[in-house]
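A quick write-up on the structure given underneath.
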4 protein chains.
Amino acid sequence: MSVSGTLPKTMRAAVLYGPGDMCLVDDYAVPEPGPGEVIVKVAACAICGTDPHILAHGWPNHPPYGEFIFGHEYAGTIVALGPGVTELKMGDRVAVEPHKGCGLCDNCRDGFYTTCLNYGNLAKGHRHYGFTVNGGYAEYGCIYTTCVHKIPADMSFDVATLLTTAGTSLYGIRRAGGLQGGETVVVSGPGPIGLLSVALARLSGAGVIILVGTRAERLELGLKLGADITVNIRDENVVERVKALTNDYGADVVLECAGTEQSAAAAVEYTKMSGRIAFVGIHANSPNITLNARKIALGNITIAGTRAEGERSVARAMTLLNHGSIDIAPLVTHTFPLSDIHQAFETAEKRLENAIKVVVKP
Amino acid sequence: MSVSGTLPKTMRAAVLYGPGDMCLVDDYAVPEPGPGEVIVKVAACAICGTDPHILAHGWPNHPPYGEFIFGHEYAGTIVALGPGVTELKMGDRVAVEPHKGCGLCDNCRDGFYTTCLNYGNLAKGHRHYGFTVNGGYAEYGCIYTTCVHKIPADMSFDVATLLTTAGTSLYGIRRAGGLQGGETVVVSGPGPIGLLSVALARLSGAGVIILVGTRAERLELGLKLGADITVNIRDENVVERVKALTNDYGADVVLECAGTEQSAAAAVEYTKMSGRIAFVGIHANSPNITLNARKIALGNITIAGTRAEGERSVARAMTLLNHGSIDIAPLVTHTFPLSDIHQAFETAEKRLENAIKVVVKP
Amino acid sequence: MSVSGTLPKTMRAAVLYGPGDMCLVDDYAVPEPGPGEVIVKVAACAICGTDPHILAHGWPNHPPYGEFIFGHEYAGTIVALGPGVTELKMGDRVAVEPHKGCGLCDNCRDGFYTTCLNYGNLAKGHRHYGFTVNGGYAEYGCIYTTCVHKIPADMSFDVATLLTTAGTSLYGIRRAGGLQGGETVVVSGPGPIGLLSVALARLSGAGVIILVGTRAERLELGLKLGADITVNIRDENVVERVKALTNDYGADVVLECAGTEQSAAAAVEYTKMSGRIAFVGIHANSPNITLNARKIALGNITIAGTRAEGERSVARAMTLLNHGSIDIAPLVTHTFPLSDIHQAFETAEKRLENAIKVVVKP
Amino acid sequence: MSVSGTLPKTMRAAVLYGPGDMCLVDDYAVPEPGPGEVIVKVAACAICGTDPHILAHGWPNHPPYGEFIFGHEYAGTIVALGPGVTELKMGDRVAVEPHKGCGLCDNCRDGFYTTCLNYGNLAKGHRHYGFTVNGGYAEYGCIYTTCVHKIPADMSFDVATLLTTAGTSLYGIRRAGGLQGGETVVVSGPGPIGLLSVALARLSGAGVIILVGTRAERLELGLKLGADITVNIRDENVVERVKALTNDYGADVVLECAGTEQSAAAAVEYTKMSGRIAFVGIHANSPNITLNARKIALGNITIAGTRAEGERSVARAMTLLNHGSIDIAPLVTHTFPLSDIHQAFETAEKRLENAIKVVVKP
């Protein structure tokens, strides 16, 4: 039996009507939770780097234009429980993650639900909130309980919107084989994923953390989040610098978060023999990149792709951040009301005023 | 070619003459370093829980009584380099670890040098400093470079003597399968290994850390080292308490550092289904313990023995501690000059004045 | 929409009416498949070692006496498909496995569905066929698709009933850390799990396989299934013999399938330093066993409990057996019609006529 | 103390005098074994794909021209033992592997001796036989005991020369994360490494094995070595074919043994989501290759470089082959006396008469 307080019939939402065509409406039907689902009153929804891409191009298997609400990094309060939900209760403050696997396929059964083999197949139970089903740029979101995490009392909703990204960062560390205590880690690319990778590598037992990028102010922020050394590739040869910092051996682990050929190719060069690289950034704009395969083979190097916040990494990242003393709040540089979502997107896309993470508040 | 400053011919040392018969001598020959070896001027040597056992009973393959200097947790300064040594230089401040594998056997080649299959075989190159060859209760110690680690400038020699123990603690975490970020960890037994396990679990990404023991003052110290919750088994049913703290599921990981049947048997009961236990403490006094094998099998539980500071854990622990903000200095509760080594042993064995770690200073 | 041929309304089934009270009835209602479920016309159902225990004592959360059909190692033909089933089709020849996790809990999401944290909770979707819901000692069984596997055309239904057991054997190998090619493996206990462990270790890359037991005819069968050497503990000291066979080092991997204290305790002694043991047998009769914890700790030995056919091991074992050249059919020593189920149980329990695996055919 | 029979003072050897300049000499001094070394009377030495490269270009840190004997895949009989050698005895029939790590560096201590951080540093104890120190194109070879493996009585020396290559193939499987029983494996490139990868994947628990290449006769040989299906990329679109064979999911594991961009790039496309690829072939001619990084990241795909026969894979492969029923002898297609080494090289390089592996017999 489902439980809910008195919810309105309709809500304000940002709806995609076609490529590049996002409109605010006030009369979108408030969703009703099915079995295992809950309704979250959205307090904050962060703009992911993928969102401008969805706005411009849609996404495979997206809901029909005219009905499609995207946004997948949101946080808020439970206001309704679908039939059978016992894991959460009314009033719980929560953050969400977007991937729900089908639970049936080989990958889901092996724990790899972010690479569910029934991706986009609603009939089999797969959901990718904000991609193949509706998400959080609205007053209310409907989502399956496995995607919902109670947040600590002292965590703000704005910070909670960072947890999906933090989960991706932590998953990158796992995909790189985890960290043996004290290993030297390079994080390349100080965007939100990279900066959170610095924080989570610090909390996961890294030794020296070297942050590589181009923007001085982001590199400085990285020092506050746990990096020991920064390398600005506009000023320095990163391969030489990392080697100089590591007795000429190279780094034990590289978290490639820039998603560029330059970053990935350099990583292969400055990784230690038998070292490990995770591709945490998505090579969206230029998928085909050229790497030194000879070095990969002769260097016994591992490269592990990282598909989103897999293997329960959002919950793990939340617990880690809750027990550590690193403040990630400065990553949220801008907030806008939902009514200003177009300005929010412009701020995020163009990185206006050095924007890092922009949050929309319905 | 070897390098050395002007060393004296003889030195003060605590020599074992027979079971229970340790004497200070002033005319023990200062060792000369062979290929790959260095001489450390010992600044501090901590008493390990195994040392009173060695004092009373010797050790398999120990050097002849009358020549045997034990003590294996020491730190000091490099004062001579054997032929071929380039990894270290004169004056380096260092800490040591006691195990040097033969490098030839299958286990050494797999990285398991603390379980070298040529244990005690000097001809094959195995060394166990302070056990099968001489150690550190003396003014000078001779040791292979792979067992020697440069310490940070701001680390005291007293603290550096803790690194072998810290390496064991960290190895326990590795043997337990490492920590997925945020996992709930129980540390049972707040001796030196247990207390350092708390610190290293915190630095390795634990979530909630529960410290279990019997002595209030040690449990309190555990809170300072990173524990969140303490359980005094004199006051509480530890199985019930851990279950109550973990939604009735049990702990993800248990680091069993007490080395008692009670502790090990309880761990099996309060470990989560599919959880992992490391036996970090040595069950020296009562090797045969009774466990619930049905729970192990049906619970899909893993128990991993932990042989000392394996798989380069001393170096890793040192780096981790150097990057963290946990102060382990309070573990060294007492220091004595080498001339008072008998009093030092009595203090350590009987835990006089709440002694935790007792350090001897030649 | 569900699909089915014309099924009868009622069926013959062996129903548990109380402890020790199993009766054949002819008017049990044929089940109807729910979403994601199928109906299997049972061709054969093997008696598991747990079944006599269930017959005598029931099982936690079992269906009400008077309705409870047990039996969980069955094979047959798909005769009806519940709504949404696309993975299987009418007429498919299949084998089943008994565990279906809830898919929601942390363990299920990590891939550990045999240790689902919602065990026995039907509302959360957990099913343990033949234990907490009905199984296969009947003409028809209803079961979730994730528990059903298409079998090769040349595999008989009798052999197919062995796949759940084979899955457990293979899971034991996985729980022991898998096999590095050529490792020496001891299998202790030549019951069905042990004999299939021999076959699957051979197919998974074992080197020397040593089978340990007490019954000469079973040890001989083990040689046909892939063992190289047998040790009869009635004639030989197994610890000494295994050491003699392994250069005095001990075995790399031990699959403990006997479920006795003697077997487990000996395994600890004859395992190599840094070796791995899986407890594959359930220590049902004497859960509390005494082990040498000192050897476990100082030997860096791992013991991994094995909960049933976890982590998709049934499908994996089927594929392995299908590609190998080992004939496991001789394990099925006896078959009985469902009407003779009491005699079948007596044969299995008392191992009459050297029974190994007894199969009931509805 | 060293042990030897009466060895001649000089021997026949193929000596490199400069790039492309290999000469047979009859008066090369027979080596004397140092501590831990043995002398092998070479019975057979196979030509590795790297050897023509060494002939043409030398190798970093190679012995001086005029003294340099290469060849690293050899087998023969022990005829002298250096001081301290107890692992082998006079008359043992053995095969060798070329990498001896320093045993001191972090990688060696972690078990990664093929990526020793002291590569080429003789003073630190590193040896790469046939590369940085002398090898086996001679009547006698001197080599460290850890690189020497006793072969089974029924294994010919010709077959024994394949073990280094077999070790590389097996290491590729390990680097790919090992095989879960029954996984679908693609082997791309039916050269010696690829064909042995087929055999070792079969012996390590693969399910369906798909062999991809261009030469019909080699693909046919692959079927005899354990492949189930072959794909000739001259006739078929390999990406489409592999997908069609795998329910459109792609392969679980790919062993890329061709060392070409085409092969590597296609592998990324036909690997399953969350699947694993090992780069076993060396991308020698075109180190920089272009891959679909977007697929790697979004597909959660792992690529693991494979540096030679690491982590004791030669010994493991020998044991596996010894327990299996796959005959690898057909891989040795040609043998030549040492006096015809130039013809042997021409046959190998140009693959005359469909040469696969060419063996030289001193």
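Residues in the structure tokens are numbered from 1 in each chain, the chains being A, B, ... in the order shown, and ligands are numbered from 1 in the order shown.
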
Requested in this report: Would you kindly report the residues of chain D within 9 Å of chain B, using only C-alpha atoms, as JSON, numbers by chain?
Outcome: {"D": [84, 85, 103, 104, 105, 106, 108, 109, 110, 111, 112, 113, 123, 124, 145, 146, 311, 312]}

Report task. Would you return as a list in words the members of segment 56-182 of chain A that DSSP assigns to alpha helix (DSSP H) on this structure's backbone? Result ->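 Answer for segment 56-182 of chain A, restricted to alpha helix (DSSP H): Ala56, His57, Asp106, Asn107, Cys108, Arg109, Phe157, Asp158, Val159, Ala160, Leu163, Thr164, Thr165, Ala166, Gly167, Thr168, Ser169, Leu170, Tyr171, Gly172, Ile173, Arg174 and Arg175 of chain A.
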
Now that the selection is made, can you save its residues with N, CA and C atoms as a PDB file, in the first residue's frame?
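What ended up in result28.pdb:
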```pdb
ATOM      1  N   ALA A  56      20.540  19.562 -26.073  1.00  0.00           N
ATOM      2  CA  ALA A  56      20.755  19.824 -27.503  1.00  0.00           C
ATOM      3  C   ALA A  56      20.359  18.642 -28.385  1.00  0.00           C
ATOM      4  N   HIS A  57      20.566  17.449 -27.892  1.00  0.00           N
ATOM      5  CA  HIS A  57      20.453  16.285 -28.784  1.00  0.00           C
ATOM      6  C   HIS A  57      19.492  15.204 -28.294  1.00  0.00           C
ATOM      7  N   ASP A 106      23.003 -10.489 -16.972  1.00  0.00           N
ATOM      8  CA  ASP A 106      24.259 -10.953 -16.389  1.00  0.00           C
ATOM      9  C   ASP A 106      25.028  -9.819 -15.726  1.00  0.00           C
ATOM     10  N   ASN A 107      25.088  -8.673 -16.356  1.00  0.00           N
ATOM     11  CA  ASN A 107      25.841  -7.567 -15.755  1.00  0.00           C
ATOM     12  C   ASN A 107      25.220  -7.110 -14.446  1.00  0.00           C
ATOM     13  N   CYS A 108      23.912  -6.967 -14.412  1.00  0.00           N
ATOM     14  CA  CYS A 108      23.266  -6.564 -13.154  1.00  0.00           C
ATOM     15  C   CYS A 108      23.534  -7.600 -12.069  1.00  0.00           C
ATOM     16  N   ARG A 109      23.426  -8.862 -12.431  1.00  0.00           N
ATOM     17  CA  ARG A 109      23.634  -9.900 -11.421  1.00  0.00           C
ATOM     18  C   ARG A 109      25.092  -9.949 -10.966  1.00  0.00           C
ATOM     19  N   PHE A 157      21.146  20.151   1.001  1.00  0.00           N
ATOM     20  CA  PHE A 157      20.661  19.606  -0.266  1.00  0.00           C
ATOM     21  C   PHE A 157      21.592  19.996  -1.414  1.00  0.00           C
ATOM     22  N   ASP A 158      22.133  21.214  -1.346  1.00  0.00           N
ATOM     23  CA  ASP A 158      23.037  21.634  -2.421  1.00  0.00           C
ATOM     24  C   ASP A 158      24.233  20.686  -2.492  1.00  0.00           C
ATOM     25  N   VAL A 159      24.832  20.405  -1.352  1.00  0.00           N
ATOM     26  CA  VAL A 159      25.970  19.478  -1.341  1.00  0.00           C
ATOM     27  C   VAL A 159      25.514  18.079  -1.764  1.00  0.00           C
ATOM     28  N   ALA A 160      24.325  17.705  -1.360  1.00  0.00           N
ATOM     29  CA  ALA A 160      23.838  16.357  -1.680  1.00  0.00           C
ATOM     30  C   ALA A 160      23.713  16.142  -3.188  1.00  0.00           C
ATOM     31  N   LEU A 163      26.534  14.194  -4.894  1.00  0.00           N
ATOM     32  CA  LEU A 163      26.865  12.807  -4.554  1.00  0.00           C
ATOM     33  C   LEU A 163      26.915  11.882  -5.768  1.00  0.00           C
ATOM     34  N   THR A 164      26.106  12.144  -6.762  1.00  0.00           N
ATOM     35  CA  THR A 164      26.192  11.309  -7.965  1.00  0.00           C
ATOM     36  C   THR A 164      27.567  11.475  -8.605  1.00  0.00           C
ATOM     37  N   THR A 165      28.004  12.707  -8.696  1.00  0.00           N
ATOM     38  CA  THR A 165      29.340  12.951  -9.251  1.00  0.00           C
ATOM     39  C   THR A 165      30.406  12.333  -8.355  1.00  0.00           C
ATOM     40  N   ALA A 166      30.256  12.481  -7.065  1.00  0.00           N
ATOM     41  CA  ALA A 166      31.228  11.884  -6.134  1.00  0.00           C
ATOM     42  C   ALA A 166      31.252  10.363  -6.293  1.00  0.00           C
ATOM     43  N   GLY A 167      30.099   9.783  -6.536  1.00  0.00           N
ATOM     44  CA  GLY A 167      30.038   8.344  -6.766  1.00  0.00           C
ATOM     45  C   GLY A 167      30.825   7.950  -7.997  1.00  0.00           C
ATOM     46  N   THR A 168      30.745   8.754  -9.044  1.00  0.00           N
ATOM     47  CA  THR A 168      31.518   8.476 -10.247  1.00  0.00           C
ATOM     48  C   THR A 168      33.016   8.570  -9.945  1.00  0.00           C
ATOM     49  N   SER A 169      33.403   9.568  -9.198  1.00  0.00           N
ATOM     50  CA  SER A 169      34.818   9.704  -8.836  1.00  0.00           C
ATOM     51  C   SER A 169      35.280   8.482  -8.042  1.00  0.00           C
ATOM     52  N   LEU A 170      34.483   8.083  -7.084  1.00  0.00           N
ATOM     53  CA  LEU A 170      34.882   6.943  -6.267  1.00  0.00           C
ATOM     54  C   LEU A 170      34.903   5.660  -7.096  1.00  0.00           C
ATOM     55  N   TYR A 171      33.981   5.570  -8.037  1.00  0.00           N
ATOM     56  CA  TYR A 171      33.972   4.380  -8.896  1.00  0.00           C
ATOM     57  C   TYR A 171      35.235   4.341  -9.762  1.00  0.00           C
ATOM     58  N   GLY A 172      35.695   5.509 -10.172  1.00  0.00           N
ATOM     59  CA  GLY A 172      36.948   5.542 -10.928  1.00  0.00           C
ATOM     60  C   GLY A 172      38.096   4.943 -10.118  1.00  0.00           C
ATOM     61  N   ILE A 173      38.142   5.262  -8.843  1.00  0.00           N
ATOM     62  CA  ILE A 173      39.196   4.697  -7.979  1.00  0.00           C
ATOM     63  C   ILE A 173      39.043   3.180  -7.903  1.00  0.00           C
ATOM     64  N   ARG A 174      37.818   2.730  -7.767  1.00  0.00           N
ATOM     65  CA  ARG A 174      37.595   1.280  -7.726  1.00  0.00           C
ATOM     66  C   ARG A 174      37.990   0.625  -9.043  1.00  0.00           C
ATOM     67  N   ARG A 175      37.594   1.255 -10.132  1.00  0.00           N
ATOM     68  CA  ARG A 175      37.908   0.699 -11.443  1.00  0.00           C
ATOM     69  C   ARG A 175      39.423   0.674 -11.683  1.00  0.00           C
TER      70      ARG A 175
END
```

Query raised in the report: Which residues in segment 98-185 of chain D does DSSP call strand (DSSP E or B)? List them as a list of chain:residue names.
Result: D:His99, D:Lys100, D:Arg127, D:His128, D:Tyr129, D:Val133, D:Ala138, D:Tyr140, D:Gly141, D:Cys142, D:Ile143, D:Tyr144, D:Val148, D:His149, D:Lys150, D:Val185

Please write the residues from the selection above to a file, keeping N, CA and C atoms, as an mmCIF file, in the first residue's frame.
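File produced: result_31.cif:
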```cif
data_model
loop_
_atom_site.group_PDB
_atom_site.id
_atom_site.type_symbol
_atom_site.label_atom_id
_atom_site.label_comp_id
_atom_site.auth_asym_id
_atom_site.auth_seq_id
_atom_site.Cartn_x
_atom_site.Cartn_y
_atom_site.Cartn_z
ATOM 1 N N HIS D 99 63.073 -13.381 -18.183
ATOM 2 C CA HIS D 99 63.115 -12.244 -17.258
ATOM 3 C C HIS D 99 63.538 -12.655 -15.856
ATOM 4 N N LYS D 100 64.566 -12.025 -15.346
ATOM 5 C CA LYS D 100 64.905 -12.125 -13.924
ATOM 6 C C LYS D 100 64.880 -10.719 -13.349
ATOM 7 N N ARG D 127 68.267 -9.175 -14.959
ATOM 8 C CA ARG D 127 68.746 -9.851 -16.163
ATOM 9 C C ARG D 127 67.581 -10.032 -17.121
ATOM 10 N N HIS D 128 67.817 -9.772 -18.389
ATOM 11 C CA HIS D 128 66.854 -10.127 -19.417
ATOM 12 C C HIS D 128 67.640 -10.949 -20.431
ATOM 13 N N TYR D 129 67.573 -12.252 -20.242
ATOM 14 C CA TYR D 129 68.396 -13.172 -21.036
ATOM 15 C C TYR D 129 68.046 -13.091 -22.514
ATOM 16 N N VAL D 133 71.577 -9.547 -21.381
ATOM 17 C CA VAL D 133 72.676 -10.501 -21.141
ATOM 18 C C VAL D 133 72.506 -11.632 -22.150
ATOM 19 N N ALA D 138 73.401 -20.746 -28.840
ATOM 20 C CA ALA D 138 74.763 -21.198 -28.566
ATOM 21 C C ALA D 138 74.673 -22.601 -27.972
ATOM 22 N N TYR D 140 75.852 -23.516 -25.119
ATOM 23 C CA TYR D 140 75.603 -23.446 -23.674
ATOM 24 C C TYR D 140 75.049 -22.072 -23.309
ATOM 25 N N GLY D 141 74.147 -22.081 -22.363
ATOM 26 C CA GLY D 141 73.625 -20.833 -21.840
ATOM 27 C C GLY D 141 73.773 -20.798 -20.327
ATOM 28 N N CYS D 142 74.025 -19.617 -19.803
ATOM 29 C CA CYS D 142 74.152 -19.427 -18.352
ATOM 30 C C CYS D 142 72.942 -18.632 -17.886
ATOM 31 N N ILE D 143 72.261 -19.111 -16.849
ATOM 32 C CA ILE D 143 70.994 -18.477 -16.481
ATOM 33 C C ILE D 143 70.682 -18.724 -15.012
ATOM 34 N N TYR D 144 69.963 -17.782 -14.439
ATOM 35 C CA TYR D 144 69.629 -17.833 -13.025
ATOM 36 C C TYR D 144 68.546 -18.888 -12.763
ATOM 37 N N VAL D 148 64.543 -21.024 -14.641
ATOM 38 C CA VAL D 148 64.721 -22.366 -15.186
ATOM 39 C C VAL D 148 63.659 -23.296 -14.594
ATOM 40 N N HIS D 149 63.027 -24.093 -15.464
ATOM 41 C CA HIS D 149 61.940 -24.967 -15.033
ATOM 42 C C HIS D 149 62.154 -26.386 -15.530
ATOM 43 N N LYS D 150 62.119 -27.342 -14.628
ATOM 44 C CA LYS D 150 62.198 -28.745 -15.029
ATOM 45 C C LYS D 150 60.976 -29.089 -15.879
ATOM 46 N N VAL D 185 35.456 -16.065 -25.026
ATOM 47 C CA VAL D 185 36.760 -15.443 -25.233
ATOM 48 C C VAL D 185 37.012 -15.285 -26.724
#
```

Requested in this report: Quote the spacing between atom CA of Ile151 of chain B and atom CA of Gly205 of chain B in Å to one decimal place.
Outcome: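 Distance reported for this atom pair: 23.3 Å.
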
Requested in this report: Find the residues around Val360 of chain B up to 12 Å (only C-alpha atoms counted), leave out those fewer than 3 positions away in its own chain, and share them as a PyMOL selection string.
Outcome: chain B and resi 13-14+42-48+71-75+136-139+157-158+161+332-345+347-348+357

Requested in this report: May I have the residues within 9 Å of segment 264-271 of chain C as a ChimeraX atom specification, using only C-alpha atoms and disregarding those fewer than 4 positions away in the same chain?
Outcome: /C:186,188,238-243,248-260,275-277,279,289-293,295-296,299,301,303

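Interatomic distance, atom CA of Gly49 of chain C to atom CA of Pro31 of chain C: 26.1 Å.
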
Query raised in the report: If you count only C-alpha atoms, which residues fall within 8 Å of Ala29 of chain D, apart from same-chain ones fewer than 5 positions away, as a PyMOL selection string?
Result: chain D and resi 9-11

Keeping only N, CA and C atoms, take the residues you just selected and write them out as an mmCIF file, in the first residue's frame.
```cif
data_model
loop_
_atom_site.group_PDB
_atom_site.id
_atom_site.type_symbol
_atom_site.label_atom_id
_atom_site.label_comp_id
_atom_site.auth_asym_id
_atom_site.auth_seq_id
_atom_site.Cartn_x
_atom_site.Cartn_y
_atom_site.Cartn_z
ATOM 1 N N LYS D 9 86.042 -25.742 -23.121
ATOM 2 C CA LYS D 9 86.402 -24.337 -22.859
ATOM 3 C C LYS D 9 85.648 -23.389 -23.787
ATOM 4 N N THR D 10 85.431 -23.896 -25.019
ATOM 5 C CA THR D 10 84.792 -23.012 -25.996
ATOM 6 C C THR D 10 83.593 -23.707 -26.626
ATOM 7 N N MET D 11 82.801 -22.887 -27.280
ATOM 8 C CA MET D 11 81.572 -23.430 -27.861
ATOM 9 C C MET D 11 81.225 -22.679 -29.140
#
```

Requested in this report: Please provide the set of residues having any atom within 8 Å of Met90 of chain B, restricted to only C-alpha atoms, with same-chain residues fewer than 2 positions apart removed, written as a ChimeraX atom specification.
Outcome: /B:4,77-81,88,92

Restrict the selected residues to N, CA and C atoms and save them as a PDB file, in the first residue's frame.
```
ATOM      1  N   SER B   4      81.487   3.846   4.804  1.00  0.00           N
ATOM      2  CA  SER B   4      81.113   4.009   6.209  1.00  0.00           C
ATOM      3  C   SER B   4      81.919   5.127   6.832  1.00  0.00           C
ATOM      4  N   THR B  77      69.752   5.869  12.273  1.00  0.00           N
ATOM      5  CA  THR B  77      70.432   6.633  11.222  1.00  0.00           C
ATOM      6  C   THR B  77      71.425   5.732  10.493  1.00  0.00           C
ATOM      7  N   ILE B  78      71.482   5.892   9.172  1.00  0.00           N
ATOM      8  CA  ILE B  78      72.419   5.096   8.382  1.00  0.00           C
ATOM      9  C   ILE B  78      73.844   5.588   8.634  1.00  0.00           C
ATOM     10  N   VAL B  79      74.698   4.641   9.037  1.00  0.00           N
ATOM     11  CA  VAL B  79      76.093   5.029   9.298  1.00  0.00           C
ATOM     12  C   VAL B  79      77.085   4.205   8.468  1.00  0.00           C
ATOM     13  N   ALA B  80      76.613   3.236   7.716  1.00  0.00           N
ATOM     14  CA  ALA B  80      77.507   2.512   6.801  1.00  0.00           C
ATOM     15  C   ALA B  80      76.679   1.845   5.725  1.00  0.00           C
ATOM     16  N   LEU B  81      77.243   1.785   4.546  1.00  0.00           N
ATOM     17  CA  LEU B  81      76.572   1.181   3.391  1.00  0.00           C
ATOM     18  C   LEU B  81      77.409   0.029   2.875  1.00  0.00           C
ATOM     19  N   LEU B  88      69.982   4.075  -0.409  1.00  0.00           N
ATOM     20  CA  LEU B  88      70.073   4.855   0.824  1.00  0.00           C
ATOM     21  C   LEU B  88      71.427   5.551   0.860  1.00  0.00           C
ATOM     22  N   ASP B  92      70.883   9.062   6.406  1.00  0.00           N
ATOM     23  CA  ASP B  92      69.426   8.919   6.258  1.00  0.00           C
ATOM     24  C   ASP B  92      68.804   8.458   7.573  1.00  0.00           C
TER      25      ASP B  92
END
```

Report task. Write out as a PyMOL selection string which residues come within 7 Å of segment 190-192 of chain C when counting only C-alpha atoms, dropping same-chain ones fewer than 5 positions away. Result -> chain C and resi 213+218-219+356-357

For the residues selected in the previous step, produce a file with all heavy atoms as a compact mmCIF listing (two decimals), in the first residue's frame.
```txt
# COMPACT_ATOMS: atom_id res chain seq x y z
N GLY C 213 39.36 -38.85 0.90
CA GLY C 213 38.10 -39.38 1.39
C GLY C 213 38.27 -40.70 2.11
O GLY C 213 39.39 -41.06 2.50
N ARG C 218 34.30 -44.27 -4.31
CA ARG C 218 34.12 -42.86 -4.67
C ARG C 218 35.46 -42.23 -5.07
O ARG C 218 35.51 -41.40 -5.97
CB ARG C 218 33.52 -42.09 -3.50
CG ARG C 218 32.07 -42.48 -3.28
CD ARG C 218 31.36 -41.45 -2.45
NE ARG C 218 29.94 -41.74 -2.40
CZ ARG C 218 29.04 -40.90 -1.91
NH1 ARG C 218 29.42 -39.74 -1.42
NH2 ARG C 218 27.77 -41.22 -1.91
N LEU C 219 36.51 -42.62 -4.39
CA LEU C 219 37.83 -42.11 -4.76
C LEU C 219 38.17 -42.55 -6.18
O LEU C 219 38.72 -41.77 -6.97
CB LEU C 219 38.88 -42.59 -3.76
CG LEU C 219 38.70 -42.04 -2.33
CD1 LEU C 219 39.69 -42.71 -1.37
CD2 LEU C 219 38.89 -40.52 -2.28
N ILE C 356 25.12 -42.23 -4.85
CA ILE C 356 25.74 -40.91 -4.78
C ILE C 356 24.64 -39.86 -4.95
O ILE C 356 24.28 -39.18 -4.01
CB ILE C 356 26.84 -40.74 -5.86
CG1 ILE C 356 27.95 -41.78 -5.62
CG2 ILE C 356 27.42 -39.33 -5.80
CD1 ILE C 356 29.04 -41.79 -6.66
N LYS C 357 24.07 -39.80 -6.12
CA LYS C 357 23.01 -38.83 -6.35
C LYS C 357 21.77 -39.60 -6.79
O LYS C 357 21.81 -40.39 -7.74
CB LYS C 357 23.45 -37.84 -7.43
CG LYS C 357 22.77 -36.51 -7.37
CD LYS C 357 23.19 -35.65 -6.20
CE LYS C 357 22.41 -34.36 -6.15
NZ LYS C 357 22.75 -33.54 -5.00
```
